[in-house]
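Shown next, in structure tokens, is the structure this report addresses.
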Amino acid sequence: MVDPRIVIVGAGPAGTRAAETVVRHGLRPVVLDEAPQSGGQIYRRQPPGFSRDAKVLYGFEAGRAGRLHAAFDALAGKVEHHPGTLVWTVRDGAVHTAPADGGAVGRFPYDALVLATGACDRVIPFPGWTTAGVYTLGAAQVALKYQACAIGGRVVFLGTGPLLYLVAYQYAKAGAEVAAVLDTTGFAAKAMALPKLLAVLPALAKGLYYLGWLRSRGIAIHEGVVPVRVDGADAVEGVVFRSASGEERRIACDAVGFGYGLQSETQLADLAGCRFAYEPQSRQWLPEADADGRSDVAGVYLAGDGRRVRGADFAEMAGELAALAALGDRGIAVDQARMAALRRGLDRGLRWGQALQAVFPVPHHFLADLPSETVLCRCEGVTVGDARRAADDLDAREINRAKALSRIGMGRCQGRYCGLSAATILADTAGEKPETAMRIRGQAPVKPVPLRTEEAAS
Amino acid sequence: MSERGQFRRVAETGRRPVRLRVDGEAVEALDGDTVLVALLTAGRRLRDNEFERRPRAGFCLMGACQDCWIWRPDGGRVRACSTPVADGMDLLTRSPLEQWSIRAS
Amino acid sequence: MSAQRYDVVIVGGGIMGASTAFHLRTVHGKSVALLERGFVGAGASGVNFGNVRRQGRFLPQIPLSHRSREIWGRLPELLGEDCEFLPTGGLRVAYSDADMAVLEKHVGEARDWDLHLDLLGLNAIRSRWPWLGPDVVGALMSPADGHANPRLVAPAFGRAARRAGAVIHEHCEVADIAREPTGFRVTTRTGLEVRGEVLLNSAGFWGGAIAASFGEPVPIVARGPQMAVTEPLPYFMEPVLGGVSSDIYLRQVKRGNVVYGGGLRGPVETDPPRGRPVPDLSIAQWGRVLRFVPVLAGAQVIRTWTGVEGYMDDDIPVMGESGTTPGLFHAFGFCGHGFQLGPGVGAVMAELMATGRTVTPIEPFHIRRFAHLKPARPA
């Protein structure tokens, strides 16, 4: 029997554990990853020549990060690893790649494809969010972790989610000036009201620790805020918010990091033809898979945050389980007991993900109050008003229709950062439930590919 | 450390200097910097958005938002957040196709 | 339950159906119901290249094309929006003496058809469009041709038709068309029933199946033209470009994106309709784009797409009254070059259905040219 060709997209927690599992069963998988080094976003490694130790970079997670990096490094020579490689589409049993350095495009046929594409920040537009100097919370963390930089000289952090207090804490600890933390949900109050959950949610405990630490350093924390605008024509000069008591306040700053948790990167699953289902809590359409990660498309497996945001620990389990499923489905003997244990673990992950969303809810309701001139699609400059007009005047209540008629989500980012908000705006305008607006259909390439002279791949 | 930059270095400042040219001007960065960090420790703008016609300075820093693409003089594109600097790198923050541009009414 | 009765029922809400509905209401005052399986204009009409081109066409199609071009120029007045129509001129580009000979021949023939074409040599090209590639040796300019946004045009006709009183049912796939003593009864999968004195089959590729069900099969296949668009670039490429021997075409919208297509067409699924671009065909276009316009090297492709288009084996559409069934009319199978014709097809079909005749010659497109094909099942 010819060995099955197994292709893994992504080398973060899920991709690493999937690769390790395949190697353990005597096969040599292809691992395609956009980053120059394994680790994914959460355990992103600093470039060669940097010297901060893991505790500084990853805090409480230093041990996990180190173990994951070591696991991938131990696969050297046993996997066909292509770092710096974008997978730009999936079609007819092969993934198509374009290297970041402009080298030749490639094509990797597979018998089994494990998509471990991870997540990116969930954002909700607000006036001024496209001003130079406004970043996602994830970006703020990457700047510090990967480049030893703060995103500004005086930074405001805004939003909700586990990253909010963590990044603020990391910045303050690194000596950056944190002007304020603006929490849209009142995390502390919510967490305190959930004593039972606390026991199973170490993230909450960590969050409360960071919050206490920041308070003890005199850093302003405002809970239950609504962002009003970012000031500054060519660069950030300040941020205006409405406090829980309803008054408008302004904080001078030169950078803003904001976000409302994470959203799954689902574009490749979409191009692979996977069926999607609506997940009401996050209002995201997610690719469907069974408990092991099998999608409804034969040979395509989904793991990690790209399938459903559950965080790094559960992504490691999902990566291993999806790989075991892929191997088992191809007649290779796998440890059934291990699979059962991983399934039980991931079950906990599902509950944990739901609990996280309950404690850090995405404030969808902000969208209804946005001024119409607010930029919604940052690539194409489409405004909230344009989206409302599409739903009202052009009868475009389904998001792909609105995209066709108004250009929402038509830009370089393929609607990653506006699509979910746009769906809610369309549905709100139409007076319908958010799922009726559907989701932006994926279109290749999932990220831009430069025109260059190439013969068609054979 | 430039007071005019968007980003502030908080550690790892002992790296080897790297020299590049941005829009014809000399910019000094550090080995291991991304192009984005090189430009944003020196200034507050990376590129302009085509439709808002306002400066942009990156957004996601993880290759998802595609809002930090700048140019090489030969028209090649560089995603600033994911491209490391190199000595002698020549970069433009406006499209070299501007030379052919006709006014869109 | 008695179904609502209309003068005309239109099956298929692409640019042909939507434009016909608009003209039936606004010019002829007929009552109209249009049935569309998805959104109006979201099929082939919405995903094509967007060429508003007359040069290089099958010459007997030119009168129809002229009539359509006249409507293109009046879209703001007719629809309240211009659908990004830009009469920038269309340029067919030659790479060789053989290509030039093709263009020269077309100039000669087109004189009789009132096409005003300028054949340009190397010097003229270099001075006007210095960014064209070094392999280009000459070109044929059709100054009043241009391009428009295909995503906008058919929906705009649909909305204007609705404002004028047409009844438009979206997401209503037709399940059955039955002949009645006077006219037709059309039933949709959603359970809707409408009656029409007259029926227009403007169902694109699926128009072939409708024709066959009335005993007049046609040789039609479904294929997906491969389209792509770049990131927004400084606006520099004014004319629409097409090749003679090189099967590639490009246009730049004023916002800056360069749209291109050409080359082999890919397979598509037709039930339900779904087109997905074929990566190798996309890649195969890149070199041809860059040979045309080398300064696009490095420009980012940000999106590719395709759709379900119906191609006739003689590359000529089916248009006119049925050869078998009184009251039935066809306008389908436009073989990837129907976008420019769409507004004119609507005017002509409306005229034909409302008055029994049309001033624009459409005889060469009649379905009877396939009458030798045996029906699979007699009607």
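Lettering and numbering for the structure tokens are positional, with chains as A, B, ... in the shown order, residues counted from 1 in each chain, and ligands counted from 1 in the shown order.
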Show me, as a VMD selection string, every residue of chain B with an atom at most 12 Å from chain C, counting only C-alpha atoms. chain B and resid 48 to 52 66 to 67 69 to 79 94 to 105
File of the preceding selection, C-alpha atoms, as a PDB file, in the first residue's frame:
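Generated output (result31.pdb):
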ATOM      1  CA  ASP B  48      -2.289  55.381   2.428  1.00  0.00           C
ATOM      2  CA  ASN B  49      -5.625  53.713   2.028  1.00  0.00           C
ATOM      3  CA  GLU B  50      -6.815  54.125  -1.552  1.00  0.00           C
ATOM      4  CA  PHE B  51     -10.350  55.171  -0.669  1.00  0.00           C
ATOM      5  CA  GLU B  52     -10.208  56.917   2.686  1.00  0.00           C
ATOM      6  CA  GLN B  66      -3.502  42.964   4.351  1.00  0.00           C
ATOM      7  CA  ASP B  67      -3.296  46.609   5.357  1.00  0.00           C
ATOM      8  CA  TRP B  69       1.522  46.112   1.836  1.00  0.00           C
ATOM      9  CA  ILE B  70       4.144  48.492   0.476  1.00  0.00           C
ATOM     10  CA  TRP B  71       6.288  48.429  -2.658  1.00  0.00           C
ATOM     11  CA  ARG B  72       9.723  47.847  -4.043  1.00  0.00           C
ATOM     12  CA  PRO B  73      10.830  50.150  -6.879  1.00  0.00           C
ATOM     13  CA  ASP B  74      10.385  47.305  -9.385  1.00  0.00           C
ATOM     14  CA  GLY B  75       6.721  46.984  -8.404  1.00  0.00           C
ATOM     15  CA  GLY B  76       7.238  43.972  -6.141  1.00  0.00           C
ATOM     16  CA  ARG B  77       5.052  43.963  -3.045  1.00  0.00           C
ATOM     17  CA  VAL B  78       6.162  43.624   0.559  1.00  0.00           C
ATOM     18  CA  ARG B  79       3.807  42.762   3.401  1.00  0.00           C
ATOM     19  CA  ARG B  94       3.439  54.699  -2.678  1.00  0.00           C
ATOM     20  CA  SER B  95       2.843  52.620  -5.770  1.00  0.00           C
ATOM     21  CA  PRO B  96       5.444  53.035  -8.501  1.00  0.00           C
ATOM     22  CA  LEU B  97       2.499  52.844 -10.921  1.00  0.00           C
ATOM     23  CA  GLU B  98       1.694  56.435  -9.877  1.00  0.00           C
ATOM     24  CA  GLN B  99       4.024  57.490 -12.709  1.00  0.00           C
ATOM     25  CA  TRP B 100       1.464  56.213 -15.236  1.00  0.00           C
ATOM     26  CA  SER B 101      -1.577  57.477 -13.406  1.00  0.00           C
ATOM     27  CA  ILE B 102      -4.220  59.468 -15.191  1.00  0.00           C
ATOM     28  CA  ARG B 103      -6.736  61.409 -13.168  1.00  0.00           C
ATOM     29  CA  ALA B 104      -9.860  59.492 -12.348  1.00  0.00           C
ATOM     30  CA  SER B 105     -12.724  61.941 -12.474  1.00  0.00           C
TER      31      SER B 105
END
Quick one: which residues from chain A are at most 6 Å off chain B, using only C-alpha atoms, as a VMD selection string? chain A and resid 47 132 135 to 136 139 148 to 152 234 381 412 to 413
At most 6 Å to chain A: residues in chain C, only C-alpha atoms, as a list in words: Arg151, Asp280, Ile283, Ala284, Trp286, Gly287, Ala297, Gly298, Ala299, Gln300, Val301, Ile302, Arg303 and Thr304 of chain C
Please report, as a ChimeraX atom specification, each residue of chain B to which DSSP assigns strand (DSSP E or B) when run on this structure's backbone. /B:8-9,17-22,25-30,34,47-48,55-56,69-71,77-79,84,90-92
Could the residues in this selection be saved with C-alpha atoms as a PDB file, in the first residue's frame?
ATOM      1  CA  ARG B   8       8.492  52.252  20.962  1.00  0.00           C
ATOM      2  CA  ARG B   9      11.202  49.707  21.512  1.00  0.00           C
ATOM      3  CA  PRO B  17      21.884  48.071  12.855  1.00  0.00           C
ATOM      4  CA  VAL B  18      20.475  47.519   9.376  1.00  0.00           C
ATOM      5  CA  ARG B  19      20.214  50.296   6.807  1.00  0.00           C
ATOM      6  CA  LEU B  20      17.422  50.578   4.294  1.00  0.00           C
ATOM      7  CA  ARG B  21      15.943  53.255   2.069  1.00  0.00           C
ATOM      8  CA  VAL B  22      12.311  54.235   2.319  1.00  0.00           C
ATOM      9  CA  GLU B  25      15.432  58.404   2.554  1.00  0.00           C
ATOM     10  CA  ALA B  26      17.855  56.468   4.722  1.00  0.00           C
ATOM     11  CA  VAL B  27      16.187  54.591   7.583  1.00  0.00           C
ATOM     12  CA  GLU B  28      18.054  52.684  10.236  1.00  0.00           C
ATOM     13  CA  ALA B  29      16.503  49.569  11.741  1.00  0.00           C
ATOM     14  CA  LEU B  30      17.744  46.607  13.727  1.00  0.00           C
ATOM     15  CA  THR B  34      10.056  43.509  10.375  1.00  0.00           C
ATOM     16  CA  ARG B  47       0.961  53.638   3.334  1.00  0.00           C
ATOM     17  CA  ASP B  48      -2.289  55.381   2.428  1.00  0.00           C
ATOM     18  CA  PRO B  55      -2.437  57.130   6.296  1.00  0.00           C
ATOM     19  CA  ARG B  56      -2.433  53.571   7.546  1.00  0.00           C
ATOM     20  CA  TRP B  69       1.522  46.112   1.836  1.00  0.00           C
ATOM     21  CA  ILE B  70       4.144  48.492   0.476  1.00  0.00           C
ATOM     22  CA  TRP B  71       6.288  48.429  -2.658  1.00  0.00           C
ATOM     23  CA  ARG B  77       5.052  43.963  -3.045  1.00  0.00           C
ATOM     24  CA  VAL B  78       6.162  43.624   0.559  1.00  0.00           C
ATOM     25  CA  ARG B  79       3.807  42.762   3.401  1.00  0.00           C
ATOM     26  CA  PRO B  84      12.167  40.979   7.801  1.00  0.00           C
ATOM     27  CA  ASP B  90      14.801  49.742  -1.034  1.00  0.00           C
ATOM     28  CA  LEU B  91      11.126  50.413  -0.278  1.00  0.00           C
ATOM     29  CA  LEU B  92       8.399  52.767  -1.404  1.00  0.00           C
TER      30      LEU B  92
END
CA of Pro279 (chain C) to CA of Val308 (chain C), distance in Å rounded to a single decimal: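 Straight-line distance from CA of Pro279 (chain C) to CA of Val308 (chain C) works out to 17.0 Å.
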Polymer residues at most 12 Å from Asp118 (chain C), only C-alpha atoms, same-chain spacing of 6 or more positions, as number ranges by chain: C: 55, 89-92, 103-104, 106-108, 110-111, 124-125, 138-144
Requested write-out: C-alpha atoms of the selected residues, as a CSV table (one decimal), in the first residue's frame:
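So the final result, stored in again10.csv, reads:
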chain,number,residue,atom,x,y,z
C,55,GLN,CA,-15.7,45.4,-32.3
C,89,GLY,CA,-12.7,52.9,-25.8
C,90,GLY,CA,-11.8,49.3,-26.5
C,91,LEU,CA,-8.5,48.2,-27.8
C,92,ARG,CA,-7.8,44.9,-29.5
C,103,LEU,CA,-7.6,43.4,-37.4
C,104,GLU,CA,-7.2,44.9,-40.9
C,106,HIS,CA,-12.2,43.3,-39.5
C,107,VAL,CA,-11.8,47.1,-40.3
C,108,GLY,CA,-12.7,46.4,-43.9
C,110,ALA,CA,-16.9,46.5,-40.3
C,111,ARG,CA,-17.1,49.6,-42.5
C,124,ALA,CA,0.6,55.6,-32.0
C,125,ILE,CA,0.4,52.9,-29.5
C,138,GLY,CA,-0.4,47.4,-33.3
C,139,ALA,CA,-4.0,47.6,-32.1
C,140,LEU,CA,-7.5,48.3,-33.2
C,141,MET,CA,-9.4,51.0,-31.3
C,142,SER,CA,-13.2,51.1,-31.0
C,143,PRO,CA,-13.5,54.5,-29.4
C,144,ALA,CA,-17.1,54.4,-28.1
Just list as a VMD selection string whatever in region 64-250 of chain C DSSP marks as helix (DSSP H, G or I). chain C and resid 64 to 72 75 to 79 97 to 113 122 to 128 150 to 163 204 to 213
Take the selection from the previous step and output its residues with C-alpha atoms, as an mmCIF file, in the first residue's frame.
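Once everything was written out, this is selection_9.cif:
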data_model
loop_
_atom_site.group_PDB
_atom_site.id
_atom_site.type_symbol
_atom_site.label_atom_id
_atom_site.label_comp_id
_atom_site.auth_asym_id
_atom_site.auth_seq_id
_atom_site.Cartn_x
_atom_site.Cartn_y
_atom_site.Cartn_z
ATOM 1 C CA LEU C 64 -28.385 44.690 -32.094
ATOM 2 C CA SER C 65 -25.112 45.718 -30.519
ATOM 3 C CA HIS C 66 -25.547 49.304 -31.757
ATOM 4 C CA ARG C 67 -29.044 49.430 -30.360
ATOM 5 C CA SER C 68 -27.747 48.213 -27.050
ATOM 6 C CA ARG C 69 -24.884 50.713 -27.032
ATOM 7 C CA GLU C 70 -27.385 53.525 -27.419
ATOM 8 C CA ILE C 71 -29.177 52.303 -24.280
ATOM 9 C CA TRP C 72 -25.889 51.982 -22.382
ATOM 10 C CA LEU C 75 -28.589 54.274 -18.223
ATOM 11 C CA PRO C 76 -28.633 57.209 -15.774
ATOM 12 C CA GLU C 77 -31.781 58.548 -17.407
ATOM 13 C CA LEU C 78 -33.434 55.114 -17.645
ATOM 14 C CA LEU C 79 -32.340 53.483 -14.393
ATOM 15 C CA ASP C 97 1.690 40.520 -38.512
ATOM 16 C CA ALA C 98 -0.853 37.727 -38.557
ATOM 17 C CA ASP C 99 -2.756 39.444 -35.730
ATOM 18 C CA MET C 100 -2.585 42.736 -37.632
ATOM 19 C CA ALA C 101 -3.988 41.045 -40.713
ATOM 20 C CA VAL C 102 -6.972 39.866 -38.659
ATOM 21 C CA LEU C 103 -7.565 43.417 -37.444
ATOM 22 C CA GLU C 104 -7.211 44.894 -40.941
ATOM 23 C CA LYS C 105 -9.735 42.415 -42.302
ATOM 24 C CA HIS C 106 -12.178 43.343 -39.525
ATOM 25 C CA VAL C 107 -11.760 47.053 -40.295
ATOM 26 C CA GLY C 108 -12.669 46.370 -43.907
ATOM 27 C CA GLU C 109 -15.733 44.284 -43.085
ATOM 28 C CA ALA C 110 -16.913 46.512 -40.264
ATOM 29 C CA ARG C 111 -17.116 49.551 -42.537
ATOM 30 C CA ASP C 112 -20.418 48.213 -43.895
ATOM 31 C CA TRP C 113 -21.755 47.832 -40.369
ATOM 32 C CA LEU C 122 3.362 50.936 -33.260
ATOM 33 C CA ASN C 123 4.165 54.645 -32.875
ATOM 34 C CA ALA C 124 0.605 55.632 -32.041
ATOM 35 C CA ILE C 125 0.408 52.883 -29.454
ATOM 36 C CA ARG C 126 3.709 53.693 -27.823
ATOM 37 C CA SER C 127 2.862 57.347 -27.438
ATOM 38 C CA ARG C 128 -0.669 56.805 -26.114
ATOM 39 C CA PRO C 150 -21.690 43.544 -14.269
ATOM 40 C CA ARG C 151 -22.676 43.124 -10.624
ATOM 41 C CA LEU C 152 -24.780 46.277 -10.851
ATOM 42 C CA VAL C 153 -26.440 46.284 -14.255
ATOM 43 C CA ALA C 154 -28.997 43.481 -14.160
ATOM 44 C CA PRO C 155 -30.032 44.252 -10.548
ATOM 45 C CA ALA C 156 -30.499 47.901 -11.556
ATOM 46 C CA PHE C 157 -32.710 46.861 -14.490
ATOM 47 C CA GLY C 158 -34.612 44.600 -12.107
ATOM 48 C CA ARG C 159 -35.198 47.364 -9.570
ATOM 49 C CA ALA C 160 -36.218 49.816 -12.288
ATOM 50 C CA ALA C 161 -38.604 47.255 -13.733
ATOM 51 C CA ARG C 162 -40.105 46.714 -10.296
ATOM 52 C CA ARG C 163 -40.503 50.461 -9.786
ATOM 53 C CA GLY C 204 -29.198 31.279 -19.589
ATOM 54 C CA PHE C 205 -27.667 27.818 -19.754
ATOM 55 C CA TRP C 206 -30.894 26.330 -18.361
ATOM 56 C CA GLY C 207 -32.746 27.945 -21.260
ATOM 57 C CA GLY C 208 -31.573 24.950 -23.265
ATOM 58 C CA ALA C 209 -33.618 22.580 -21.105
ATOM 59 C CA ILE C 210 -36.674 24.799 -21.388
ATOM 60 C CA ALA C 211 -36.373 24.900 -25.165
ATOM 61 C CA ALA C 212 -35.944 21.128 -25.253
ATOM 62 C CA SER C 213 -39.095 20.712 -23.176
#
For Leu262 (chain A): contacts at 10 Å, only C-alpha atoms, fewer than 5 positions along chain excluded, given as number ranges by chain: A: 118-123, 137-138, 161-163, 282, 305, 308-311, 362
Selection from above, N, CA and C atoms, as a tab-separated table (two decimals), in the first residue's frame, can you write it?
chain	number	residue	atom	x	y	z
A	118	GLY	N	-6.19	28.36	12.58
A	118	GLY	CA	-6.15	29.33	13.67
A	118	GLY	C	-7.22	30.39	13.63
A	119	ALA	N	-6.93	31.50	14.27
A	119	ALA	CA	-7.94	32.54	14.45
A	119	ALA	C	-7.27	33.90	14.31
A	120	CYS	N	-8.11	34.91	14.20
A	120	CYS	CA	-7.59	36.28	14.28
A	120	CYS	C	-8.56	37.10	15.12
A	121	ASP	N	-8.20	38.34	15.38
A	121	ASP	CA	-9.01	39.15	16.28
A	121	ASP	C	-10.39	39.44	15.71
A	122	ARG	N	-11.35	39.40	16.59
A	122	ARG	CA	-12.71	39.84	16.25
A	122	ARG	C	-12.77	41.33	16.55
A	123	VAL	N	-13.18	42.11	15.57
A	123	VAL	CA	-13.31	43.54	15.84
A	123	VAL	C	-14.71	44.01	15.52
A	137	LEU	N	-5.89	43.93	19.48
A	137	LEU	CA	-5.20	43.48	20.69
A	137	LEU	C	-4.14	42.45	20.33
A	138	GLY	N	-4.48	41.59	19.39
A	138	GLY	CA	-3.50	40.59	18.96
A	138	GLY	C	-2.27	41.25	18.37
A	161	GLY	N	-12.50	40.23	26.29
A	161	GLY	CA	-11.82	38.98	25.95
A	161	GLY	C	-10.59	38.77	26.80
A	162	PRO	N	-10.09	37.54	26.80
A	162	PRO	CA	-8.94	37.20	27.64
A	162	PRO	C	-7.70	38.06	27.33
A	163	LEU	N	-7.61	38.51	26.09
A	163	LEU	CA	-6.41	39.27	25.72
A	163	LEU	C	-6.37	40.66	26.33
A	282	SER	N	-21.38	33.42	18.99
A	282	SER	CA	-20.36	34.27	18.36
A	282	SER	C	-20.89	34.91	17.09
A	305	ASP	N	-8.43	26.42	16.56
A	305	ASP	CA	-9.30	27.60	16.56
A	305	ASP	C	-9.91	27.88	15.19
A	308	ARG	N	-13.21	26.15	15.64
A	308	ARG	CA	-14.03	26.76	16.68
A	308	ARG	C	-13.06	27.27	17.73
A	309	VAL	N	-13.26	28.49	18.18
A	309	VAL	CA	-12.29	29.08	19.10
A	309	VAL	C	-12.44	28.47	20.49
A	310	ARG	N	-11.41	27.72	20.88
A	310	ARG	CA	-11.42	27.13	22.22
A	310	ARG	C	-10.08	27.37	22.92
A	311	GLY	N	-9.16	28.01	22.22
A	311	GLY	CA	-7.87	28.31	22.84
A	311	GLY	C	-6.84	27.22	22.59
A	362	VAL	N	-19.37	39.40	22.91
A	362	VAL	CA	-19.12	40.37	21.84
A	362	VAL	C	-20.27	41.39	21.87
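Take the candidates A:Ser51, A:Gln37, A:Ser421, A:Ser264 and check each one against Gln147 (chain A) using only C-alpha atoms; the shortest distance goes to A:Ser51.
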